[in-house]
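Heads up, the thing below is written out as structure tokens.
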There are 2 protein chains.
Amino acid sequence: MDRRQQKTRAAIFTAFSTLLAEKSYSKITVQEIIDTANVGRTTFYAHFEAKDDLLKALCEELFGHIISSALDCSHTHGLYSDKNAPKSVFCHLLQHLQEDENNILELLYCESSELFLRYFKDSLNELIQNQFVNQNRKNNTDIPQDFLVNHISGSFVEMVLWWIKGRMKQTPEELDRYFRAVIESIL
Amino acid sequence: MDRRQQKTRAAIFTAFSTLLAEKSYSKITVQEIIDTANVGRTTFYAHFEAKDDLLKALCEELFGHIISSALDCSHTHGLYSDKNAPKSVFCHLLQHLQEDENNILELLYCESSELFLRYFKDSLNELIQNQFVNQNRKNNTDIPQDFLVNHISGSFVEMVLWWIKGRMKQTPEELDRYFRAVIESIL
DNA sequence: AATAAAAGAGAACAAAATGTTTGTTATCAA
DNA sequence: TTGATAACAAACATTTTGTTCTCTTTTATT
């Protein structure tokens with residue numbers, strides 16, 4: 001890909017992130033984005049159809065790494081490794097979030113954090129779905145599988161939201177323990 | 001309150017609801033609202049500061065009944081009555097949603113359903129918080145109470161979201177059973 | 001029934017934001 | 001070096017927003 005495209009794309013992303021840290025998504029205008037990114041109006045619309053597009057692209061960029069790395073992790077270990085590996089996929093994910101490679105934390109602290117967590121949940125849902133299919137769960141109850149999948153990914157995201165709103169005082173390991181406790185009965 | 005005010009307020013609410021059924025919140029303009037409601041521009045801004053205000057007011061209106069009725073219910077029975085009353089607060093809430101007094105269903109089917117469910121969760125959180133405080137729970141584990149509260153209200157909302165997206169095929173009683181199953185270990 | 005107060009209608013307005021077009025310049029990849 | 005591509009700036013019509021007028025209708029009260 002053209003080096004210029006990469007540059008402007010990156011500039012727009014960082015500008016957008018910066019603005020998101022300041023104000024809520026709905027209050028941000030394209031004008032502000034292009035001013036902050038210091039790119040021409042035409043350029044913005046050449047890259048993205050609209051603000052929604054930009055958000056989507058940013059989310060894909062941000063959660064791309066995290067999810068794919070979690071996918072590897074879960075591929076080898078399962079959601080929770082039964083034996084020796086103490087690290088669950090969930091703990092893995094939480095650590096990734098905390099490490100904050102891509103300045104994702106700033107966005108998760110911001111007013112529009114839910115926006116991102118929605119995207120996060122969609123990715124998560126697939127990941128967990130696969131796990132359920134692969135692991136052939138002992139579905140002793142007659143509760144639909146996709147209900148369980150939704151419950152797990154949903155409550156994980158809600159936990160992260162809670163974590164963020166509380167200024168992330170807990171360690172990923174603590175959170176993972178909490179999550180195990182409330183989810184163990186169905187996993 | 002002036003009868004005129006009630007009328008226009010109602011007109012704006014129904015117009016807004018109608019539009020929300022058609023398109024997403026962010027795409028709706030004030031212009032469309034006042035055209036649909038057939039009120040003057042001045043009138044709208046006399047009632048609401050902006051679109052956000054309107055949404056908030058609508059949410060309060062919609063969830064007002066549901067939550068207060070649930071509050072009564074939980075006051076007398078607790079979240080889950082231990083003995084003879086088979087109806088949980090959660091089942092109660094689900095039935096209320098399904099009954100659809102205030103055409104809330106249309107809004108929960110719409111693109112912006114998450115918006116409403118966020119408000120819903122906030123109300124729910126308080127309700128459950130109170131229950132926990134009143135019931136003096138046997139917190140055998142060392143998991144923070146507000147984590148548990150968040151987990152319950154959060155996963156309830158996620159369940160409702162799942163329910164809605166699946167076109168509400170399950171009965172409230174079924175859903176309640178599912179919910180009991182995934183939540184029993186901590187309640 | 002008369003009246004003052006409140007609410008809405010309607011038009012007009014400035015300011016801001018959107019999305020597009022045009023022509024020019026700079027940069028890239030070959 | 002050269003053709004292709006991307007970015008730019010400026011201008012543009014259009015839409016949306018929120019406000020400010022004046023005028024009319026409705027309401028509650030006497």
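Ordering of the structure tokens sets the chain letters (A, B, ...), residue numbers begin anew at 1 in every chain, and ligands are numbered from 1 in the order given.
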
Surrounding residues of D:DA10 excluding itself and chain neighbours under 3 positions, 12 Å, only C-alpha atoms (C1' of nucleotides), as a ChimeraX atom specification
/A:40-42 /C:21-24

Name the residues of chain A that fall into alpha helix (DSSP H) according to DSSP on the backbone, using the chain letters and numbers of this document, as a short mmCIF file (atom, residue, chain, number, x, y, z; two decimals) with N, CA and C atoms, in the first residue's frame.
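Saved file result_15.cif follows:
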data_model
loop_
_atom_site.label_atom_id
_atom_site.label_comp_id
_atom_site.auth_asym_id
_atom_site.auth_seq_id
_atom_site.Cartn_x
_atom_site.Cartn_y
_atom_site.Cartn_z
N ARG A 3 2.61 4.59 0.77
CA ARG A 3 3.07 5.12 2.05
C ARG A 3 2.25 6.34 2.47
N ARG A 4 1.82 7.12 1.49
CA ARG A 4 1.03 8.30 1.80
C ARG A 4 -0.30 7.92 2.44
N GLN A 5 -0.92 6.91 1.87
CA GLN A 5 -2.20 6.45 2.41
C GLN A 5 -2.06 6.02 3.86
N GLN A 6 -1.00 5.25 4.10
CA GLN A 6 -0.77 4.80 5.47
C GLN A 6 -0.65 5.98 6.42
N LYS A 7 0.11 6.97 5.98
CA LYS A 7 0.34 8.14 6.82
C LYS A 7 -0.96 8.84 7.18
N THR A 8 -1.73 9.17 6.16
CA THR A 8 -2.97 9.90 6.43
C THR A 8 -3.94 9.05 7.24
N ARG A 9 -3.98 7.79 6.90
CA ARG A 9 -4.86 6.89 7.66
C ARG A 9 -4.48 6.91 9.13
N ALA A 10 -3.19 6.80 9.37
CA ALA A 10 -2.71 6.82 10.76
C ALA A 10 -3.02 8.17 11.41
N ALA A 11 -2.79 9.23 10.65
CA ALA A 11 -3.05 10.57 11.18
C ALA A 11 -4.51 10.73 11.58
N ILE A 12 -5.38 10.24 10.75
CA ILE A 12 -6.81 10.34 11.04
C ILE A 12 -7.16 9.49 12.27
N PHE A 13 -6.59 8.31 12.33
CA PHE A 13 -6.86 7.45 13.48
C PHE A 13 -6.43 8.10 14.79
N THR A 14 -5.23 8.61 14.80
CA THR A 14 -4.75 9.20 16.06
C THR A 14 -5.54 10.47 16.40
N ALA A 15 -5.86 11.23 15.39
CA ALA A 15 -6.68 12.43 15.63
C ALA A 15 -8.01 12.03 16.24
N PHE A 16 -8.60 11.04 15.66
CA PHE A 16 -9.90 10.55 16.13
C PHE A 16 -9.80 10.06 17.57
N SER A 17 -8.76 9.31 17.84
CA SER A 17 -8.56 8.80 19.20
C SER A 17 -8.39 9.93 20.19
N THR A 18 -7.59 10.91 19.80
CA THR A 18 -7.36 12.07 20.66
C THR A 18 -8.67 12.76 20.99
N LEU A 19 -9.47 12.97 19.97
CA LEU A 19 -10.74 13.64 20.18
C LEU A 19 -11.68 12.81 21.05
N LEU A 20 -11.65 11.51 20.85
CA LEU A 20 -12.51 10.64 21.63
C LEU A 20 -12.17 10.69 23.11
N ALA A 21 -10.90 10.93 23.37
CA ALA A 21 -10.48 11.04 24.77
C ALA A 21 -11.04 12.31 25.41
N GLU A 22 -11.34 13.28 24.59
CA GLU A 22 -11.83 14.57 25.09
C GLU A 22 -13.34 14.63 25.20
N VAL A 30 -16.61 15.85 11.67
CA VAL A 30 -15.59 15.55 10.67
C VAL A 30 -14.61 16.71 10.57
N GLN A 31 -15.15 17.89 10.71
CA GLN A 31 -14.32 19.09 10.64
C GLN A 31 -13.20 19.04 11.68
N GLU A 32 -13.56 18.69 12.89
CA GLU A 32 -12.56 18.60 13.96
C GLU A 32 -11.53 17.53 13.66
N ILE A 33 -12.01 16.44 13.13
CA ILE A 33 -11.10 15.33 12.84
C ILE A 33 -10.05 15.76 11.83
N ILE A 34 -10.51 16.38 10.74
CA ILE A 34 -9.55 16.75 9.70
C ILE A 34 -8.65 17.91 10.15
N ASP A 35 -9.17 18.77 11.01
CA ASP A 35 -8.32 19.82 11.56
C ASP A 35 -7.22 19.22 12.43
N THR A 36 -7.63 18.31 13.30
CA THR A 36 -6.67 17.68 14.21
C THR A 36 -5.67 16.83 13.45
N ALA A 37 -6.17 16.11 12.48
CA ALA A 37 -5.29 15.23 11.71
C ALA A 37 -4.46 16.02 10.71
N ARG A 41 -10.01 18.02 3.52
CA ARG A 41 -11.37 17.49 3.59
C ARG A 41 -11.56 16.36 2.58
N THR A 42 -11.09 16.62 1.37
CA THR A 42 -11.21 15.63 0.30
C THR A 42 -10.57 14.31 0.70
N THR A 43 -9.42 14.44 1.34
CA THR A 43 -8.67 13.26 1.73
C THR A 43 -9.46 12.37 2.68
N PHE A 44 -10.09 13.04 3.63
CA PHE A 44 -10.86 12.26 4.60
C PHE A 44 -11.91 11.42 3.90
N TYR A 45 -12.66 12.08 3.02
CA TYR A 45 -13.75 11.38 2.35
C TYR A 45 -13.26 10.38 1.31
N ALA A 46 -12.02 10.51 0.95
CA ALA A 46 -11.44 9.49 0.08
C ALA A 46 -11.16 8.21 0.87
N HIS A 47 -10.89 8.37 2.13
CA HIS A 47 -10.57 7.21 2.97
C HIS A 47 -11.80 6.60 3.62
N LYS A 51 -18.21 9.27 9.42
CA LYS A 51 -17.66 9.07 10.76
C LYS A 51 -17.85 7.62 11.22
N ASP A 52 -18.99 7.06 10.90
CA ASP A 52 -19.27 5.69 11.30
C ASP A 52 -18.23 4.73 10.74
N ASP A 53 -17.92 4.96 9.48
CA ASP A 53 -16.91 4.15 8.81
C ASP A 53 -15.59 4.18 9.57
N LEU A 54 -15.23 5.38 9.94
CA LEU A 54 -13.97 5.58 10.66
C LEU A 54 -13.96 4.80 11.97
N LEU A 55 -15.05 4.89 12.68
CA LEU A 55 -15.14 4.16 13.94
C LEU A 55 -14.98 2.67 13.74
N LYS A 56 -15.67 2.18 12.73
CA LYS A 56 -15.62 0.75 12.44
C LYS A 56 -14.20 0.31 12.12
N ALA A 57 -13.56 1.10 11.27
CA ALA A 57 -12.19 0.79 10.87
C ALA A 57 -11.25 0.80 12.07
N LEU A 58 -11.45 1.78 12.92
CA LEU A 58 -10.61 1.89 14.11
C LEU A 58 -10.79 0.67 15.01
N CYS A 59 -12.03 0.27 15.17
CA CYS A 59 -12.31 -0.89 16.01
C CYS A 59 -11.67 -2.15 15.46
N GLU A 60 -11.78 -2.31 14.16
CA GLU A 60 -11.18 -3.49 13.54
C GLU A 60 -9.69 -3.50 13.76
N GLU A 61 -9.10 -2.33 13.60
CA GLU A 61 -7.66 -2.19 13.82
C GLU A 61 -7.30 -2.56 15.26
N LEU A 62 -8.05 -2.00 16.18
CA LEU A 62 -7.71 -2.15 17.60
C LEU A 62 -7.92 -3.57 18.11
N PHE A 63 -9.06 -4.14 17.77
CA PHE A 63 -9.38 -5.45 18.31
C PHE A 63 -8.81 -6.59 17.48
N GLY A 64 -8.32 -6.23 16.31
CA GLY A 64 -7.72 -7.23 15.45
C GLY A 64 -6.66 -8.04 16.16
N HIS A 65 -5.66 -7.37 16.69
CA HIS A 65 -4.57 -8.05 17.38
C HIS A 65 -5.08 -8.87 18.55
N ILE A 66 -5.79 -8.16 19.41
CA ILE A 66 -6.23 -8.78 20.66
C ILE A 66 -6.97 -10.08 20.43
N ILE A 67 -7.93 -10.01 19.53
CA ILE A 67 -8.75 -11.19 19.30
C ILE A 67 -7.96 -12.32 18.65
N SER A 68 -7.15 -11.97 17.66
CA SER A 68 -6.42 -13.03 16.97
C SER A 68 -5.44 -13.70 17.91
N SER A 69 -4.84 -12.91 18.78
CA SER A 69 -3.93 -13.50 19.74
C SER A 69 -4.69 -14.38 20.73
N ALA A 70 -5.88 -13.94 21.08
CA ALA A 70 -6.71 -14.76 21.97
C ALA A 70 -7.15 -16.03 21.28
N LEU A 71 -7.34 -15.91 19.98
CA LEU A 71 -7.76 -17.08 19.20
C LEU A 71 -6.68 -18.16 19.25
N ASP A 72 -5.44 -17.73 19.06
CA ASP A 72 -4.32 -18.67 19.16
C ASP A 72 -4.32 -19.33 20.53
N CYS A 73 -4.39 -18.47 21.52
CA CYS A 73 -4.37 -18.94 22.91
C CYS A 73 -5.44 -19.97 23.16
N SER A 74 -6.65 -19.68 22.69
CA SER A 74 -7.76 -20.58 22.97
C SER A 74 -7.69 -21.84 22.12
N HIS A 75 -7.02 -21.70 20.99
CA HIS A 75 -6.87 -22.84 20.09
C HIS A 75 -6.05 -23.93 20.75
N THR A 76 -5.01 -23.49 21.41
CA THR A 76 -4.11 -24.49 22.03
C THR A 76 -4.62 -24.92 23.41
N HIS A 77 -5.17 -23.98 24.15
CA HIS A 77 -5.51 -24.28 25.54
C HIS A 77 -6.99 -24.53 25.79
N VAL A 89 -8.21 -17.73 28.61
CA VAL A 89 -8.33 -16.78 27.50
C VAL A 89 -8.75 -15.42 28.03
N PHE A 90 -9.61 -15.44 29.03
CA PHE A 90 -10.14 -14.20 29.57
C PHE A 90 -9.05 -13.39 30.26
N CYS A 91 -8.24 -14.09 31.01
CA CYS A 91 -7.13 -13.40 31.65
C CYS A 91 -6.19 -12.84 30.59
N HIS A 92 -5.97 -13.63 29.58
CA HIS A 92 -5.15 -13.21 28.45
C HIS A 92 -5.68 -11.91 27.84
N LEU A 93 -6.96 -11.89 27.61
CA LEU A 93 -7.59 -10.71 27.02
C LEU A 93 -7.45 -9.50 27.93
N LEU A 94 -7.68 -9.72 29.20
CA LEU A 94 -7.61 -8.61 30.16
C LEU A 94 -6.20 -8.04 30.23
N GLN A 95 -5.24 -8.92 30.19
CA GLN A 95 -3.85 -8.45 30.21
C GLN A 95 -3.53 -7.64 28.97
N HIS A 96 -4.01 -8.15 27.85
CA HIS A 96 -3.81 -7.40 26.61
C HIS A 96 -4.38 -5.99 26.72
N LEU A 97 -5.56 -5.91 27.28
CA LEU A 97 -6.20 -4.61 27.42
C LEU A 97 -5.36 -3.71 28.33
N GLN A 98 -4.87 -4.30 29.40
CA GLN A 98 -4.13 -3.49 30.36
C GLN A 98 -2.78 -3.04 29.81
N GLU A 99 -2.17 -3.91 29.06
CA GLU A 99 -0.85 -3.57 28.50
C GLU A 99 -0.92 -2.34 27.61
N ILE A 104 -5.32 1.81 23.49
CA ILE A 104 -6.74 1.47 23.52
C ILE A 104 -7.36 1.90 24.85
N LEU A 105 -6.53 1.98 25.86
CA LEU A 105 -7.03 2.30 27.20
C LEU A 105 -7.71 3.66 27.25
N GLU A 106 -7.08 4.61 26.60
CA GLU A 106 -7.62 5.96 26.54
C GLU A 106 -9.05 5.93 26.01
N LEU A 107 -9.23 5.09 25.00
CA LEU A 107 -10.55 4.99 24.39
C LEU A 107 -11.53 4.27 25.30
N LEU A 108 -11.01 3.35 26.07
CA LEU A 108 -11.90 2.61 26.96
C LEU A 108 -12.23 3.43 28.20
N TYR A 109 -11.41 4.40 28.48
CA TYR A 109 -11.71 5.31 29.59
C TYR A 109 -12.72 6.38 29.17
N SER A 113 -16.86 4.59 25.53
CA SER A 113 -16.25 3.27 25.66
C SER A 113 -17.21 2.15 25.27
N GLU A 114 -18.47 2.35 25.54
CA GLU A 114 -19.44 1.30 25.21
C GLU A 114 -19.43 0.97 23.73
N LEU A 115 -19.24 2.02 22.97
CA LEU A 115 -19.16 1.86 21.53
C LEU A 115 -18.14 0.80 21.14
N PHE A 116 -17.00 0.89 21.76
CA PHE A 116 -15.91 -0.02 21.44
C PHE A 116 -16.19 -1.41 22.00
N LEU A 117 -16.77 -1.43 23.17
CA LEU A 117 -17.03 -2.72 23.79
C LEU A 117 -18.08 -3.51 23.02
N ARG A 118 -18.95 -2.79 22.32
CA ARG A 118 -19.92 -3.48 21.47
C ARG A 118 -19.20 -4.24 20.37
N TYR A 119 -18.25 -3.56 19.76
CA TYR A 119 -17.47 -4.22 18.72
C TYR A 119 -16.69 -5.38 19.31
N PHE A 120 -16.17 -5.13 20.47
CA PHE A 120 -15.41 -6.15 21.18
C PHE A 120 -16.26 -7.40 21.39
N LYS A 121 -17.48 -7.18 21.79
CA LYS A 121 -18.35 -8.31 22.09
C LYS A 121 -18.63 -9.16 20.86
N ASP A 122 -18.79 -8.50 19.73
CA ASP A 122 -19.05 -9.23 18.50
C ASP A 122 -17.90 -10.19 18.19
N SER A 123 -16.69 -9.68 18.31
CA SER A 123 -15.53 -10.51 18.05
C SER A 123 -15.49 -11.65 19.06
N LEU A 124 -15.69 -11.29 20.29
CA LEU A 124 -15.64 -12.24 21.40
C LEU A 124 -16.64 -13.36 21.21
N ASN A 125 -17.79 -12.99 20.73
CA ASN A 125 -18.86 -13.96 20.52
C ASN A 125 -18.42 -15.08 19.59
N GLU A 126 -17.79 -14.70 18.51
CA GLU A 126 -17.30 -15.70 17.56
C GLU A 126 -16.29 -16.61 18.22
N LEU A 127 -15.38 -15.98 18.92
CA LEU A 127 -14.31 -16.73 19.58
C LEU A 127 -14.88 -17.79 20.51
N ILE A 128 -15.83 -17.39 21.31
CA ILE A 128 -16.41 -18.31 22.30
C ILE A 128 -17.28 -19.35 21.63
N GLN A 129 -17.98 -18.89 20.60
CA GLN A 129 -18.80 -19.82 19.82
C GLN A 129 -17.96 -20.99 19.33
N ASN A 130 -16.83 -20.65 18.74
CA ASN A 130 -15.93 -21.68 18.22
C ASN A 130 -15.50 -22.64 19.32
N GLN A 131 -15.15 -22.07 20.44
CA GLN A 131 -14.73 -22.89 21.57
C GLN A 131 -15.80 -23.88 21.96
N PHE A 132 -17.02 -23.41 22.00
CA PHE A 132 -18.12 -24.29 22.39
C PHE A 132 -18.29 -25.42 21.40
N VAL A 133 -18.17 -25.08 20.14
CA VAL A 133 -18.32 -26.08 19.11
C VAL A 133 -17.18 -27.10 19.20
N ASN A 134 -15.98 -26.59 19.33
CA ASN A 134 -14.82 -27.47 19.35
C ASN A 134 -14.78 -28.37 20.59
N GLN A 135 -15.13 -27.79 21.70
CA GLN A 135 -14.95 -28.52 22.95
C GLN A 135 -16.08 -29.51 23.25
N GLN A 145 -27.34 -23.40 23.42
CA GLN A 145 -25.92 -23.08 23.43
C GLN A 145 -25.66 -21.61 23.15
N ASP A 146 -26.39 -21.06 22.20
CA ASP A 146 -26.10 -19.66 21.85
C ASP A 146 -26.55 -18.71 22.96
N PHE A 147 -27.43 -19.18 23.81
CA PHE A 147 -27.72 -18.38 25.00
C PHE A 147 -26.51 -18.34 25.91
N LEU A 148 -25.89 -19.47 26.09
CA LEU A 148 -24.71 -19.54 26.96
C LEU A 148 -23.56 -18.73 26.40
N VAL A 149 -23.36 -18.86 25.10
CA VAL A 149 -22.29 -18.10 24.45
C VAL A 149 -22.52 -16.61 24.67
N ASN A 150 -23.75 -16.20 24.44
CA ASN A 150 -24.07 -14.79 24.62
C ASN A 150 -23.89 -14.35 26.07
N HIS A 151 -24.24 -15.24 26.96
CA HIS A 151 -24.10 -14.91 28.37
C HIS A 151 -22.64 -14.69 28.74
N ILE A 152 -21.81 -15.56 28.24
CA ILE A 152 -20.38 -15.46 28.60
C ILE A 152 -19.75 -14.21 28.00
N SER A 153 -19.92 -14.04 26.70
CA SER A 153 -19.29 -12.86 26.08
C SER A 153 -19.94 -11.59 26.59
N GLY A 154 -21.24 -11.62 26.78
CA GLY A 154 -21.93 -10.46 27.28
C GLY A 154 -21.46 -10.05 28.65
N SER A 155 -21.40 -10.99 29.55
CA SER A 155 -21.03 -10.62 30.91
C SER A 155 -19.55 -10.31 31.01
N PHE A 156 -18.77 -10.88 30.10
CA PHE A 156 -17.35 -10.49 30.07
C PHE A 156 -17.22 -9.01 29.72
N VAL A 157 -17.92 -8.62 28.69
CA VAL A 157 -17.87 -7.21 28.27
C VAL A 157 -18.39 -6.30 29.36
N GLU A 158 -19.46 -6.72 30.01
CA GLU A 158 -20.01 -5.92 31.11
C GLU A 158 -19.00 -5.81 32.24
N MET A 159 -18.26 -6.86 32.43
CA MET A 159 -17.23 -6.83 33.46
C MET A 159 -16.14 -5.83 33.09
N VAL A 160 -15.73 -5.86 31.86
CA VAL A 160 -14.70 -4.93 31.41
C VAL A 160 -15.18 -3.49 31.56
N LEU A 161 -16.44 -3.29 31.20
CA LEU A 161 -17.02 -1.95 31.35
C LEU A 161 -16.99 -1.51 32.81
N TRP A 162 -17.34 -2.42 33.68
CA TRP A 162 -17.30 -2.15 35.13
C TRP A 162 -15.88 -1.85 35.57
N TRP A 163 -14.98 -2.63 35.06
CA TRP A 163 -13.55 -2.47 35.38
C TRP A 163 -13.07 -1.08 35.01
N ILE A 164 -13.40 -0.69 33.79
CA ILE A 164 -12.96 0.59 33.27
C ILE A 164 -13.56 1.74 34.08
N LYS A 165 -14.86 1.63 34.33
CA LYS A 165 -15.54 2.71 35.05
C LYS A 165 -14.99 2.86 36.45
N PRO A 172 -5.69 -8.00 36.21
CA PRO A 172 -6.33 -8.98 35.34
C PRO A 172 -6.55 -10.33 36.03
N GLU A 173 -5.59 -10.72 36.85
CA GLU A 173 -5.72 -12.01 37.55
C GLU A 173 -6.90 -12.00 38.51
N GLU A 174 -7.03 -10.92 39.25
CA GLU A 174 -8.18 -10.80 40.16
C GLU A 174 -9.48 -10.91 39.39
N LEU A 175 -9.58 -10.09 38.35
CA LEU A 175 -10.79 -10.08 37.54
C LEU A 175 -11.10 -11.46 37.00
N ASP A 176 -10.06 -12.12 36.56
CA ASP A 176 -10.23 -13.45 35.99
C ASP A 176 -10.82 -14.38 37.05
N ARG A 177 -10.35 -14.23 38.26
CA ARG A 177 -10.87 -15.05 39.36
C ARG A 177 -12.35 -14.76 39.59
N TYR A 178 -12.69 -13.49 39.63
CA TYR A 178 -14.09 -13.11 39.77
C TYR A 178 -14.92 -13.76 38.65
N PHE A 179 -14.39 -13.62 37.47
CA PHE A 179 -15.16 -14.10 36.32
C PHE A 179 -15.35 -15.61 36.37
N ARG A 180 -14.29 -16.31 36.72
CA ARG A 180 -14.41 -17.76 36.90
C ARG A 180 -15.53 -18.07 37.89
N ALA A 181 -15.54 -17.31 38.98
CA ALA A 181 -16.50 -17.60 40.05
C ALA A 181 -17.94 -17.46 39.57
N VAL A 182 -18.21 -16.44 38.79
CA VAL A 182 -19.60 -16.23 38.38
C VAL A 182 -19.98 -17.03 37.15
N ILE A 183 -19.00 -17.61 36.52
CA ILE A 183 -19.27 -18.30 35.26
C ILE A 183 -19.04 -19.80 35.37
#

Distance filter 9 Å, only C-alpha atoms (C1' of nucleotides), chain C against chain A, as a short mmCIF file (atom, residue, chain, number, x, y, z; two decimals) with N, CA and C atoms (P, O5', C5', C4', C3', O3' and C1' of nucleotides), in the first residue's frame:
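selection39.cif written:
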data_model
loop_
_atom_site.label_atom_id
_atom_site.label_comp_id
_atom_site.auth_asym_id
_atom_site.auth_seq_id
_atom_site.Cartn_x
_atom_site.Cartn_y
_atom_site.Cartn_z
P DA C 17 -19.00 22.79 13.47
"O5'" DA C 17 -19.69 21.80 12.43
"C5'" DA C 17 -20.94 21.23 12.75
"C4'" DA C 17 -21.39 20.38 11.59
"C3'" DA C 17 -20.28 19.54 10.96
"O3'" DA C 17 -20.70 18.18 10.89
"C1'" DA C 17 -21.40 20.82 9.31
P DT C 18 -19.81 17.11 10.21
"O5'" DT C 18 -20.55 16.98 8.82
"C5'" DT C 18 -21.95 16.76 8.78
"C4'" DT C 18 -22.40 16.71 7.34
"C3'" DT C 18 -21.56 15.76 6.49
"O3'" DT C 18 -22.40 14.77 5.93
"C1'" DT C 18 -21.83 17.87 5.43
P DG C 19 -21.75 13.41 5.59
"O5'" DG C 19 -21.47 13.58 4.03
"C5'" DG C 19 -22.56 13.88 3.19
"C4'" DG C 19 -22.07 14.48 1.89
"C3'" DG C 19 -20.96 13.68 1.17
"O3'" DG C 19 -21.39 13.46 -0.15
"C1'" DG C 19 -20.44 15.97 1.25
P DT C 20 -20.55 12.58 -1.13
"O5'" DT C 20 -20.31 13.59 -2.33
"C5'" DT C 20 -21.29 14.59 -2.60
"C4'" DT C 20 -20.75 15.64 -3.55
"C3'" DT C 20 -19.74 15.11 -4.57
"O3'" DT C 20 -20.21 15.41 -5.87
"C1'" DT C 20 -18.93 17.08 -3.49
P DT C 27 6.46 16.12 -1.30
"O5'" DT C 27 6.14 14.59 -1.61
"C5'" DT C 27 4.93 14.03 -1.11
"C4'" DT C 27 4.67 12.71 -1.81
"C3'" DT C 27 5.86 11.75 -1.82
"O3'" DT C 27 5.45 10.56 -1.19
"C1'" DT C 27 4.80 11.84 -3.93
P DC C 28 6.62 9.58 -0.67
"O5'" DC C 28 6.31 8.31 -1.58
"C5'" DC C 28 5.02 7.70 -1.53
"C4'" DC C 28 4.76 6.97 -2.82
"C3'" DC C 28 5.76 5.86 -3.13
"O3'" DC C 28 5.14 4.60 -2.99
"C1'" DC C 28 5.21 7.17 -5.06
P DA C 29 6.07 3.32 -2.78
"O5'" DA C 29 5.46 2.33 -3.87
"C5'" DA C 29 4.43 2.75 -4.73
"C4'" DA C 29 4.65 2.21 -6.15
"C3'" DA C 29 5.67 1.09 -6.27
"O3'" DA C 29 5.24 0.20 -7.28
"C1'" DA C 29 6.37 2.89 -7.58
#

Please identify all polymer residues within 12 Å of D:DT30, counting only C-alpha atoms (C1' of nucleotides), omitting same-chain residues fewer than 3 positions from it, and present them as an MDAnalysis selection string.
chainID C and resid 1:4

Tell me the residues of chain D close to chain A, meaning within 10 Å using only C-alpha atoms (C1' of nucleotides), as a ChimeraX atom specification.
/D:5-9
